[in-house]
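Notes for the one structure printed next.
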Number of protein chains: 2
Amino acid sequence: MKTLGIVAPQSHTFDTPLALQSGASLSDYTLVYETYGTLNADASNAVLVCHALNASHHVAGLYVDPVTGEKNVGWWDNMVGPGKPLDTERFFVIGVNNPGSCFGSTGPMHINPASGKPYGADFPLLTVEDWVHAQARLADVLGITQFAAVMGGSLGGMQAMAWSMMYPDRLRHCIVIASTPKLSAQNIAFNDVARQAILTDPEYHGGDFYAHGVVPKNGLRVARMVGHITYLSDDDMAEKFGRDLRDGSGKYQFGYGVDFEIESYLRYQGDKFSEYFDANTYLLITKALDYFDPAREFGGDLTRALAKVKAQFLVASFCTDWRFSPARSREIVQALVNNRQRVVYAEIDAPHGHDAFLLEDERYLNVLRAYYENIWQDLEAAP
Amino acid sequence: MKTLGIVAPQSHTFDTPLALQSGASLSDYTLVYETYGTLNADASNAVLVCHALNASHHVAGLYVDPVTGEKNVGWWDNMVGPGKPLDTERFFVIGVNNPGSCFGSTGPMHINPASGKPYGADFPLLTVEDWVHAQARLADVLGITQFAAVMGGSLGGMQAMAWSMMYPDRLRHCIVIASTPKLSAQNIAFNDVARQAILTDPEYHGGDFYAHGVVPKNGLRVARMVGHITYLSDDDMAEKFGRDLRDGSGKYQFGYGVDFEIESYLRYQGDKFSEYFDANTYLLITKALDYFDPAREFGGDLTRALAKVKAQFLVASFCTDWRFSPARSREIVQALVNNRQRVVYAEIDAPHGHDAFLLEDERYLNVLRAYYENIWQDLEAAP
């Protein structure tokens, strides 16, 4: 069986400033990206994969971690690769790291050309739509006029949705997984808890922590812990950890160390995250999530917001996802149906909550496999 | 209509040390409490009301806030009082503040007689069972051999449950509202996020913040914010706040101040809480929640844990409570049914999540009213 092996990231620097929804603009920015497979002669087999909060351009294959030197596997390697549902033997797949991220594209930790110092809190807030504009410019550079599909899960699904509305002629299929047309009050509330944990950490220094040689680790740690709870289902947590005690003696510690396995797991996740993720990036991305609401300029009417969409949709959700529940995906489907647009909807009975979109699940992966098979057959049949 | 008016708290200091589950003991401790109504001649009309995380002995009527001098209403004043479901014209009701609290009974902010300094982190961890032992001693002081009922919501419900198992002869009715026989992994996870926010706040000073003249406000604030989310239902939050913006202009701020009403509300709740609640108390009470698991010493078998219970039960839950969902209450009911014990169960379709147990809801209050009416008729009919 073929594998992608080690994939070398590429990059492109843009001289023309990117005008942002906030009114600010981003100049002299670089996007890093990876590609898998081969672009065909008429550039009709390109698929763009958009990443979510804690991910990057390292979608598939192996990449060398610049800090540790270790080889890591891309975050959607079970989905993308030779013979995988999104088959890189057929499609030319692009993973691009969004600006504002901390994984290579221009972000808050990079030097602000205007000041000669790291951007820090001066890095402009970006929206899902800003990211889509940036991705479209990269598509121009790569000579891709129209994607066979734009695809993403969670925040990545929002980007796919935004593509369908902002550039209706530039994608034939829009694949939206475990996503939502807008965050709920509860979603925003959890994001704000995470932000407040970071913003009130004394080591945050108003976003200027780079200059102090510190990192707001405690804040990032708590932010990740609370986020992580929302990614897992209650049942899944119960099954994996239950009330199991860390100490084999079966005794409570009567202190504030670790009693339960779930505490150990969450703290470990928080610690690990706080060591590699940038606090300003976390803040910025959670705001992009909160702000996404394409129906807003249509008086809250998602049907109208999606009226000019030309892409065919695949929408998929997971029964145990309580962060972006199936009901939220059904809102998208209903709006498309209202417009008599073409949409396939899959609601998958997977136990792993929001995280399910990243995990191995045959039923889920087979839905994607079948959908891409159809895209491929249409491609082959095209004159 | 009669009212309770201003209720004066009482207190009792216990000379005999209280042996705790942890192996530690608490000596020279004081419990503060309030009573409403009149104890009858055979002391058969007493009802004990147990409090939850953020509450106290101020159950009903008015009390004067010792800090602000303001008159405040007791936390369950809609439930307890003359003509209320738990009618103080009929019953002698006791509200007692648990040790470890920050509302008057001996707690971490008080002087440790062993060191002459505030207990701080040296205050022993207490369990639900320890609180019940302390409450039983107070009942002895008040000359109450057997309660007509022991009652509580959430953590208070756990205390009522523990009473029924630890002192089966000392209560005729056990009223358990919006509670659970044990916390789930997700419940523990949220508690641990809150604890980590406090423990890693530099102003916490290992629990010794009193000596530094500071308070770990940021940690407490985040702890309260995350807790508060779990008290409200998703739907209720959506209805009350939705995606409403704080700024009437309808524009996003593109910064980390307040955009959404829900952010403003949660931050306000966090700020307020951090001004009056003690961090060590918060830590201690969340651990008491985590540790509660009466089935544990019976190999996880709740039916066996409840086998020797003599009290009749009223169990009530709320459909939109996702912290302690109706399924958790049904576990208690099922275990009682397995034992052929007497139990009434009410599942109330109230929109307000876990907080519903404190709120006005006619259907809910009428269930309690009817239940207490029956208790009263049994009392009257007693020889």
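Please note that chains go A, B, ... in the order of the structure tokens, that every chain numbers its residues from 1, and that ligands are numbered from 1 in the order shown.
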When you get a sec, could you note down which chain A residues fall within 6 Å of chain B, using only C-alpha atoms, as a PDB file with C-alpha atoms, in the first residue's frame?
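File part11.pdb, as written:
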ATOM      1  CA  LEU A 125      -8.568  39.605  14.924  1.00  0.00           C
ATOM      2  CA  ALA A 185     -24.832  31.143  23.934  1.00  0.00           C
ATOM      3  CA  GLN A 186     -23.441  28.090  25.733  1.00  0.00           C
ATOM      4  CA  ASP A 234     -20.396  12.451  28.716  1.00  0.00           C
ATOM      5  CA  MET A 237     -15.836   9.998  29.396  1.00  0.00           C
ATOM      6  CA  ALA A 238     -17.836   7.723  31.676  1.00  0.00           C
ATOM      7  CA  GLY A 242     -15.650   6.720  34.993  1.00  0.00           C
ATOM      8  CA  ARG A 243     -14.736   7.324  38.601  1.00  0.00           C
ATOM      9  CA  PHE A 254      -8.000  14.003  50.688  1.00  0.00           C
TER      10      PHE A 254
END
Measuring atom to atom with only C-alpha atoms, identify which of B:Leu20, B:Leu39, B:Ala60, B:Ala279 is nearest to Thr3 of chain B.
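Looking only at the distances to Thr3 of chain B, the closest residue turns out to be B:Ala60.
In this model, the gap between atom CA of Leu245 of chain B and atom CA of Arg296 of chain A comes to 11.9 Å.
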Which residues in segment 17-256 of chain B does DSSP call strand (DSSP E or B)? List them as a PDB file with N, CA, C and O atoms, in the first residue's frame.
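In the end it all went to states25.pdb:
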ATOM      1  N   LEU B  18     -14.597  16.330  66.005  1.00  0.00           N
ATOM      2  CA  LEU B  18     -15.371  15.580  65.017  1.00  0.00           C
ATOM      3  C   LEU B  18     -14.385  14.739  64.210  1.00  0.00           C
ATOM      4  O   LEU B  18     -13.521  15.279  63.510  1.00  0.00           O
ATOM      5  N   ALA B  19     -14.496  13.423  64.339  1.00  0.00           N
ATOM      6  CA  ALA B  19     -13.607  12.526  63.576  1.00  0.00           C
ATOM      7  C   ALA B  19     -14.066  12.528  62.118  1.00  0.00           C
ATOM      8  O   ALA B  19     -15.250  12.365  61.842  1.00  0.00           O
ATOM      9  N   SER B  25      -9.243  15.189  62.254  1.00  0.00           N
ATOM     10  CA  SER B  25     -10.420  15.549  63.049  1.00  0.00           C
ATOM     11  C   SER B  25     -10.488  17.060  63.193  1.00  0.00           C
ATOM     12  O   SER B  25      -9.504  17.768  63.006  1.00  0.00           O
ATOM     13  N   LEU B  26     -11.681  17.529  63.498  1.00  0.00           N
ATOM     14  CA  LEU B  26     -11.920  18.962  63.629  1.00  0.00           C
ATOM     15  C   LEU B  26     -12.295  19.208  65.083  1.00  0.00           C
ATOM     16  O   LEU B  26     -13.267  18.640  65.586  1.00  0.00           O
ATOM     17  N   TYR B  29     -14.992  23.383  67.030  1.00  0.00           N
ATOM     18  CA  TYR B  29     -15.636  24.002  65.868  1.00  0.00           C
ATOM     19  C   TYR B  29     -17.020  24.511  66.221  1.00  0.00           C
ATOM     20  O   TYR B  29     -17.671  24.009  67.150  1.00  0.00           O
ATOM     21  N   THR B  30     -17.428  25.501  65.483  1.00  0.00           N
ATOM     22  CA  THR B  30     -18.729  26.129  65.704  1.00  0.00           C
ATOM     23  C   THR B  30     -19.604  25.909  64.476  1.00  0.00           C
ATOM     24  O   THR B  30     -19.121  26.013  63.349  1.00  0.00           O
ATOM     25  N   LEU B  31     -20.863  25.594  64.706  1.00  0.00           N
ATOM     26  CA  LEU B  31     -21.831  25.569  63.609  1.00  0.00           C
ATOM     27  C   LEU B  31     -22.795  26.733  63.797  1.00  0.00           C
ATOM     28  O   LEU B  31     -23.289  26.964  64.908  1.00  0.00           O
ATOM     29  N   VAL B  32     -23.035  27.480  62.721  1.00  0.00           N
ATOM     30  CA  VAL B  32     -24.085  28.497  62.781  1.00  0.00           C
ATOM     31  C   VAL B  32     -25.315  27.922  62.082  1.00  0.00           C
ATOM     32  O   VAL B  32     -25.200  27.129  61.144  1.00  0.00           O
ATOM     33  N   TYR B  33     -26.467  28.320  62.578  1.00  0.00           N
ATOM     34  CA  TYR B  33     -27.709  27.776  62.022  1.00  0.00           C
ATOM     35  C   TYR B  33     -28.851  28.748  62.249  1.00  0.00           C
ATOM     36  O   TYR B  33     -28.728  29.704  63.030  1.00  0.00           O
ATOM     37  N   GLU B  34     -29.921  28.526  61.555  1.00  0.00           N
ATOM     38  CA  GLU B  34     -31.152  29.287  61.782  1.00  0.00           C
ATOM     39  C   GLU B  34     -32.277  28.288  61.978  1.00  0.00           C
ATOM     40  O   GLU B  34     -32.225  27.168  61.454  1.00  0.00           O
ATOM     41  N   THR B  35     -33.279  28.684  62.717  1.00  0.00           N
ATOM     42  CA  THR B  35     -34.478  27.844  62.829  1.00  0.00           C
ATOM     43  C   THR B  35     -35.699  28.702  62.520  1.00  0.00           C
ATOM     44  O   THR B  35     -35.680  29.920  62.722  1.00  0.00           O
ATOM     45  N   TYR B  36     -36.706  28.044  61.990  1.00  0.00           N
ATOM     46  CA  TYR B  36     -37.964  28.718  61.622  1.00  0.00           C
ATOM     47  C   TYR B  36     -39.100  27.861  62.142  1.00  0.00           C
ATOM     48  O   TYR B  36     -39.085  26.634  61.969  1.00  0.00           O
ATOM     49  N   ALA B  46     -39.603  18.332  63.209  1.00  0.00           N
ATOM     50  CA  ALA B  46     -38.386  19.022  62.751  1.00  0.00           C
ATOM     51  C   ALA B  46     -38.000  18.577  61.337  1.00  0.00           C
ATOM     52  O   ALA B  46     -38.070  17.395  61.004  1.00  0.00           O
ATOM     53  N   VAL B  47     -37.618  19.543  60.538  1.00  0.00           N
ATOM     54  CA  VAL B  47     -37.126  19.273  59.177  1.00  0.00           C
ATOM     55  C   VAL B  47     -35.758  19.920  59.026  1.00  0.00           C
ATOM     56  O   VAL B  47     -35.594  21.108  59.323  1.00  0.00           O
ATOM     57  N   LEU B  48     -34.806  19.155  58.570  1.00  0.00           N
ATOM     58  CA  LEU B  48     -33.469  19.690  58.338  1.00  0.00           C
ATOM     59  C   LEU B  48     -33.302  19.996  56.850  1.00  0.00           C
ATOM     60  O   LEU B  48     -33.558  19.134  56.009  1.00  0.00           O
ATOM     61  N   VAL B  49     -32.875  21.224  56.538  1.00  0.00           N
ATOM     62  CA  VAL B  49     -32.616  21.614  55.155  1.00  0.00           C
ATOM     63  C   VAL B  49     -31.106  21.718  54.958  1.00  0.00           C
ATOM     64  O   VAL B  49     -30.441  22.494  55.638  1.00  0.00           O
ATOM     65  N   CYS B  50     -30.584  20.911  54.056  1.00  0.00           N
ATOM     66  CA  CYS B  50     -29.136  20.872  53.814  1.00  0.00           C
ATOM     67  C   CYS B  50     -28.793  21.768  52.625  1.00  0.00           C
ATOM     68  O   CYS B  50     -29.505  21.770  51.626  1.00  0.00           O
ATOM     69  N   LEU B  62     -35.490  36.839  56.135  1.00  0.00           N
ATOM     70  CA  LEU B  62     -34.462  37.836  55.817  1.00  0.00           C
ATOM     71  C   LEU B  62     -33.288  37.681  56.775  1.00  0.00           C
ATOM     72  O   LEU B  62     -33.450  37.271  57.917  1.00  0.00           O
ATOM     73  N   TYR B  63     -32.130  37.999  56.283  1.00  0.00           N
ATOM     74  CA  TYR B  63     -30.968  38.065  57.165  1.00  0.00           C
ATOM     75  C   TYR B  63     -30.168  39.300  56.807  1.00  0.00           C
ATOM     76  O   TYR B  63     -30.233  39.806  55.688  1.00  0.00           O
ATOM     77  N   VAL B  64     -29.433  39.773  57.769  1.00  0.00           N
ATOM     78  CA  VAL B  64     -28.631  40.972  57.544  1.00  0.00           C
ATOM     79  C   VAL B  64     -27.228  40.540  57.132  1.00  0.00           C
ATOM     80  O   VAL B  64     -26.556  39.800  57.854  1.00  0.00           O
ATOM     81  N   LYS B  71     -30.258  43.831  53.885  1.00  0.00           N
ATOM     82  CA  LYS B  71     -31.158  42.712  54.173  1.00  0.00           C
ATOM     83  C   LYS B  71     -31.282  41.837  52.937  1.00  0.00           C
ATOM     84  O   LYS B  71     -31.656  42.311  51.869  1.00  0.00           O
ATOM     85  N   ASN B  72     -30.968  40.569  53.087  1.00  0.00           N
ATOM     86  CA  ASN B  72     -31.104  39.630  51.975  1.00  0.00           C
ATOM     87  C   ASN B  72     -32.140  38.569  52.302  1.00  0.00           C
ATOM     88  O   ASN B  72     -32.415  38.299  53.470  1.00  0.00           O
ATOM     89  N   VAL B  73     -32.661  37.953  51.243  1.00  0.00           N
ATOM     90  CA  VAL B  73     -33.662  36.901  51.407  1.00  0.00           C
ATOM     91  C   VAL B  73     -32.957  35.545  51.408  1.00  0.00           C
ATOM     92  O   VAL B  73     -32.001  35.339  50.669  1.00  0.00           O
ATOM     93  N   VAL B  80     -39.651  27.595  51.844  1.00  0.00           N
ATOM     94  CA  VAL B  80     -39.750  27.484  53.302  1.00  0.00           C
ATOM     95  C   VAL B  80     -40.298  28.779  53.893  1.00  0.00           C
ATOM     96  O   VAL B  80     -39.737  29.855  53.664  1.00  0.00           O
ATOM     97  N   GLY B  81     -41.355  28.683  54.679  1.00  0.00           N
ATOM     98  CA  GLY B  81     -41.916  29.869  55.327  1.00  0.00           C
ATOM     99  C   GLY B  81     -43.378  29.630  55.661  1.00  0.00           C
ATOM    100  O   GLY B  81     -43.923  28.560  55.347  1.00  0.00           O
ATOM    101  N   LEU B  86     -42.918  23.973  52.402  1.00  0.00           N
ATOM    102  CA  LEU B  86     -42.457  23.525  53.724  1.00  0.00           C
ATOM    103  C   LEU B  86     -42.882  24.615  54.716  1.00  0.00           C
ATOM    104  O   LEU B  86     -42.196  25.624  54.898  1.00  0.00           O
ATOM    105  N   ASP B  87     -44.056  24.374  55.305  1.00  0.00           N
ATOM    106  CA  ASP B  87     -44.777  25.412  56.053  1.00  0.00           C
ATOM    107  C   ASP B  87     -44.225  25.527  57.469  1.00  0.00           C
ATOM    108  O   ASP B  87     -44.311  24.585  58.266  1.00  0.00           O
ATOM    109  N   PHE B  92     -40.862  22.689  62.265  1.00  0.00           N
ATOM    110  CA  PHE B  92     -39.716  23.381  62.849  1.00  0.00           C
ATOM    111  C   PHE B  92     -38.535  23.107  61.913  1.00  0.00           C
ATOM    112  O   PHE B  92     -38.056  21.970  61.823  1.00  0.00           O
ATOM    113  N   VAL B  93     -38.129  24.124  61.201  1.00  0.00           N
ATOM    114  CA  VAL B  93     -37.156  23.932  60.126  1.00  0.00           C
ATOM    115  C   VAL B  93     -35.780  24.446  60.565  1.00  0.00           C
ATOM    116  O   VAL B  93     -35.676  25.535  61.140  1.00  0.00           O
ATOM    117  N   ILE B  94     -34.772  23.664  60.270  1.00  0.00           N
ATOM    118  CA  ILE B  94     -33.400  24.046  60.630  1.00  0.00           C
ATOM    119  C   ILE B  94     -32.554  24.182  59.361  1.00  0.00           C
ATOM    120  O   ILE B  94     -32.539  23.291  58.509  1.00  0.00           O
ATOM    121  N   GLY B  95     -31.888  25.296  59.251  1.00  0.00           N
ATOM    122  CA  GLY B  95     -30.877  25.473  58.212  1.00  0.00           C
ATOM    123  C   GLY B  95     -29.535  25.569  58.901  1.00  0.00           C
ATOM    124  O   GLY B  95     -29.341  26.435  59.765  1.00  0.00           O
ATOM    125  N   VAL B  96     -28.611  24.688  58.560  1.00  0.00           N
ATOM    126  CA  VAL B  96     -27.312  24.711  59.238  1.00  0.00           C
ATOM    127  C   VAL B  96     -26.201  24.889  58.214  1.00  0.00           C
ATOM    128  O   VAL B  96     -26.228  24.302  57.132  1.00  0.00           O
ATOM    129  N   ILE B 111      -9.295  30.834  62.647  1.00  0.00           N
ATOM    130  CA  ILE B 111      -8.018  30.546  63.303  1.00  0.00           C
ATOM    131  C   ILE B 111      -7.938  29.061  63.689  1.00  0.00           C
ATOM    132  O   ILE B 111      -8.847  28.521  64.315  1.00  0.00           O
ATOM    133  N   PRO B 118      -4.787  31.441  60.528  1.00  0.00           N
ATOM    134  CA  PRO B 118      -5.914  30.863  59.776  1.00  0.00           C
ATOM    135  C   PRO B 118      -5.533  29.479  59.239  1.00  0.00           C
ATOM    136  O   PRO B 118      -4.393  29.253  58.842  1.00  0.00           O
ATOM    137  N   PHE B 147     -35.929  13.313  62.642  1.00  0.00           N
ATOM    138  CA  PHE B 147     -36.497  14.374  61.809  1.00  0.00           C
ATOM    139  C   PHE B 147     -37.746  13.867  61.084  1.00  0.00           C
ATOM    140  O   PHE B 147     -37.785  12.699  60.665  1.00  0.00           O
ATOM    141  N   ALA B 149     -38.354  15.127  58.264  1.00  0.00           N
ATOM    142  CA  ALA B 149     -37.726  15.002  56.942  1.00  0.00           C
ATOM    143  C   ALA B 149     -36.352  15.646  56.955  1.00  0.00           C
ATOM    144  O   ALA B 149     -36.106  16.611  57.687  1.00  0.00           O
ATOM    145  N   VAL B 150     -35.469  15.086  56.152  1.00  0.00           N
ATOM    146  CA  VAL B 150     -34.213  15.766  55.810  1.00  0.00           C
ATOM    147  C   VAL B 150     -34.279  16.006  54.315  1.00  0.00           C
ATOM    148  O   VAL B 150     -34.671  15.114  53.542  1.00  0.00           O
ATOM    149  N   MET B 151     -33.913  17.206  53.905  1.00  0.00           N
ATOM    150  CA  MET B 151     -34.214  17.652  52.548  1.00  0.00           C
ATOM    151  C   MET B 151     -33.057  18.468  51.990  1.00  0.00           C
ATOM    152  O   MET B 151     -32.404  19.226  52.719  1.00  0.00           O
ATOM    153  N   GLY B 152     -32.815  18.311  50.694  1.00  0.00           N
ATOM    154  CA  GLY B 152     -31.811  19.162  50.073  1.00  0.00           C
ATOM    155  C   GLY B 152     -31.827  19.033  48.564  1.00  0.00           C
ATOM    156  O   GLY B 152     -32.351  18.050  48.013  1.00  0.00           O
ATOM    157  N   GLY B 153     -31.259  20.025  47.894  1.00  0.00           N
ATOM    158  CA  GLY B 153     -31.121  20.009  46.440  1.00  0.00           C
ATOM    159  C   GLY B 153     -29.654  19.909  46.084  1.00  0.00           C
ATOM    160  O   GLY B 153     -28.784  20.430  46.796  1.00  0.00           O
ATOM    161  N   LEU B 171     -34.673   9.752  60.566  1.00  0.00           N
ATOM    162  CA  LEU B 171     -35.521  10.559  59.668  1.00  0.00           C
ATOM    163  C   LEU B 171     -36.640   9.686  59.105  1.00  0.00           C
ATOM    164  O   LEU B 171     -36.416   8.516  58.801  1.00  0.00           O
ATOM    165  N   HIS B 173     -38.607  10.895  56.462  1.00  0.00           N
ATOM    166  CA  HIS B 173     -38.668  11.178  55.030  1.00  0.00           C
ATOM    167  C   HIS B 173     -37.338  11.756  54.559  1.00  0.00           C
ATOM    168  O   HIS B 173     -36.692  12.523  55.282  1.00  0.00           O
ATOM    169  N   CYS B 174     -36.995  11.397  53.337  1.00  0.00           N
ATOM    170  CA  CYS B 174     -35.752  11.868  52.741  1.00  0.00           C
ATOM    171  C   CYS B 174     -36.114  12.507  51.405  1.00  0.00           C
ATOM    172  O   CYS B 174     -36.670  11.839  50.522  1.00  0.00           O
ATOM    173  N   ILE B 175     -35.815  13.790  51.258  1.00  0.00           N
ATOM    174  CA  ILE B 175     -36.235  14.513  50.060  1.00  0.00           C
ATOM    175  C   ILE B 175     -34.992  14.945  49.282  1.00  0.00           C
ATOM    176  O   ILE B 175     -34.195  15.755  49.767  1.00  0.00           O
ATOM    177  N   VAL B 176     -34.851  14.372  48.106  1.00  0.00           N
ATOM    178  CA  VAL B 176     -33.620  14.505  47.317  1.00  0.00           C
ATOM    179  C   VAL B 176     -33.976  15.155  45.983  1.00  0.00           C
ATOM    180  O   VAL B 176     -34.660  14.559  45.153  1.00  0.00           O
ATOM    181  N   ILE B 177     -33.505  16.377  45.766  1.00  0.00           N
ATOM    182  CA  ILE B 177     -33.915  17.140  44.592  1.00  0.00           C
ATOM    183  C   ILE B 177     -32.702  17.464  43.717  1.00  0.00           C
ATOM    184  O   ILE B 177     -31.662  17.904  44.219  1.00  0.00           O
ATOM    185  N   LEU B 245     -25.849  41.044  21.281  1.00  0.00           N
ATOM    186  CA  LEU B 245     -24.628  41.813  21.514  1.00  0.00           C
ATOM    187  C   LEU B 245     -24.882  42.851  22.599  1.00  0.00           C
ATOM    188  O   LEU B 245     -25.975  43.395  22.717  1.00  0.00           O
TER     189      LEU B 245
END
According to DSSP computed on the backbone, where in segment 12-144 of chain B is there helix (DSSP H, G or I)? Give the residues as a list in words.
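These are the residues in question: Gly120, Ala121, Asp122, Val128, Glu129, Asp130, Trp131, Val132, His133, Ala134, Gln135, Ala136, Arg137, Leu138, Ala139, Asp140 and Val141 of chain B.
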For the residues in the current selection, export N, CA, C and O atoms as a JSON list (two decimals), in the first residue's frame.
[["chain", "number", "residue", "atom", "x", "y", "z"],
["B", 120, "GLY", "N", -6.30, 28.00, 56.39],
["B", 120, "GLY", "CA", -5.86, 27.97, 55.00],
["B", 120, "GLY", "C", -5.91, 26.55, 54.47],
["B", 120, "GLY", "O", -6.88, 25.83, 54.70],
["B", 121, "ALA", "N", -4.84, 26.15, 53.79],
["B", 121, "ALA", "CA", -4.82, 24.82, 53.19],
["B", 121, "ALA", "C", -4.77, 23.71, 54.23],
["B", 121, "ALA", "O", -4.94, 22.54, 53.89],
["B", 122, "ASP", "N", -4.53, 24.07, 55.51],
["B", 122, "ASP", "CA", -4.50, 23.04, 56.56],
["B", 122, "ASP", "C", -5.89, 22.64, 57.03],
["B", 122, "ASP", "O", -6.02, 21.70, 57.82],
["B", 128, "VAL", "N", -19.38, 14.62, 52.49],
["B", 128, "VAL", "CA", -20.82, 14.70, 52.75],
["B", 128, "VAL", "C", -21.15, 13.99, 54.06],
["B", 128, "VAL", "O", -21.91, 14.49, 54.90],
["B", 129, "GLU", "N", -20.53, 12.84, 54.26],
["B", 129, "GLU", "CA", -20.80, 12.06, 55.48],
["B", 129, "GLU", "C", -20.32, 12.81, 56.73],
["B", 129, "GLU", "O", -20.97, 12.77, 57.77],
["B", 130, "ASP", "N", -19.18, 13.49, 56.61],
["B", 130, "ASP", "CA", -18.70, 14.28, 57.75],
["B", 130, "ASP", "C", -19.71, 15.37, 58.10],
["B", 130, "ASP", "O", -19.97, 15.65, 59.27],
["B", 131, "TRP", "N", -20.24, 16.00, 57.08],
["B", 131, "TRP", "CA", -21.24, 17.05, 57.34],
["B", 131, "TRP", "C", -22.47, 16.47, 58.03],
["B", 131, "TRP", "O", -23.03, 17.08, 58.93],
["B", 132, "VAL", "N", -22.86, 15.29, 57.59],
["B", 132, "VAL", "CA", -24.04, 14.66, 58.20],
["B", 132, "VAL", "C", -23.77, 14.34, 59.67],
["B", 132, "VAL", "O", -24.63, 14.59, 60.54],
["B", 133, "HIS", "N", -22.57, 13.85, 59.98],
["B", 133, "HIS", "CA", -22.24, 13.62, 61.39],
["B", 133, "HIS", "C", -22.34, 14.93, 62.18],
["B", 133, "HIS", "O", -22.88, 14.95, 63.28],
["B", 134, "ALA", "N", -21.81, 15.99, 61.62],
["B", 134, "ALA", "CA", -21.85, 17.29, 62.30],
["B", 134, "ALA", "C", -23.30, 17.74, 62.51],
["B", 134, "ALA", "O", -23.66, 18.27, 63.57],
["B", 135, "GLN", "N", -24.12, 17.53, 61.48],
["B", 135, "GLN", "CA", -25.53, 17.92, 61.58],
["B", 135, "GLN", "C", -26.25, 17.07, 62.64],
["B", 135, "GLN", "O", -27.11, 17.57, 63.38],
["B", 136, "ALA", "N", -25.88, 15.80, 62.74],
["B", 136, "ALA", "CA", -26.51, 14.91, 63.72],
["B", 136, "ALA", "C", -26.19, 15.37, 65.15],
["B", 136, "ALA", "O", -27.04, 15.32, 66.04],
["B", 137, "ARG", "N", -24.95, 15.84, 65.31],
["B", 137, "ARG", "CA", -24.59, 16.37, 66.64],
["B", 137, "ARG", "C", -25.39, 17.60, 66.98],
["B", 137, "ARG", "O", -25.76, 17.82, 68.14],
["B", 138, "LEU", "N", -25.63, 18.42, 65.98],
["B", 138, "LEU", "CA", -26.45, 19.61, 66.23],
["B", 138, "LEU", "C", -27.88, 19.19, 66.58],
["B", 138, "LEU", "O", -28.51, 19.78, 67.48],
["B", 139, "ALA", "N", -28.38, 18.17, 65.90],
["B", 139, "ALA", "CA", -29.72, 17.66, 66.20],
["B", 139, "ALA", "C", -29.78, 17.19, 67.66],
["B", 139, "ALA", "O", -30.77, 17.45, 68.36],
["B", 140, "ASP", "N", -28.71, 16.55, 68.11],
["B", 140, "ASP", "CA", -28.66, 16.12, 69.52],
["B", 140, "ASP", "C", -28.79, 17.33, 70.44],
["B", 140, "ASP", "O", -29.56, 17.31, 71.40],
["B", 141, "VAL", "N", -28.03, 18.37, 70.13],
["B", 141, "VAL", "CA", -28.06, 19.58, 70.95],
["B", 141, "VAL", "C", -29.47, 20.16, 70.99],
["B", 141, "VAL", "O", -29.94, 20.64, 72.03]]
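Summary of the local environment: counting only C-alpha atoms, residues at most 6 Å from Val309 of chain B, other than itself and those fewer than 4 positions away along its chain, are Ser164, Met165 and Pro168 of chain B.
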Could you write out the selected residues, including N, CA and C atoms, as a tab-separated table (two decimals), in the first residue's frame?
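Below you can see again_12.tsv, which holds the result:
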chain	number	residue	atom	x	y	z
B	164	SER	N	-30.09	9.17	55.26
B	164	SER	CA	-30.97	7.98	55.23
B	164	SER	C	-30.18	6.69	55.40
B	165	MET	N	-28.92	6.72	54.98
B	165	MET	CA	-28.08	5.52	55.08
B	165	MET	C	-27.32	5.46	56.40
B	168	PRO	N	-30.47	5.70	59.71
B	168	PRO	CA	-31.77	5.31	59.16
B	168	PRO	C	-32.94	5.54	60.13
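We find atom CA of Arg172 of chain B and atom CA of Ala148 of chain B to be spaced 5.2 Å apart.
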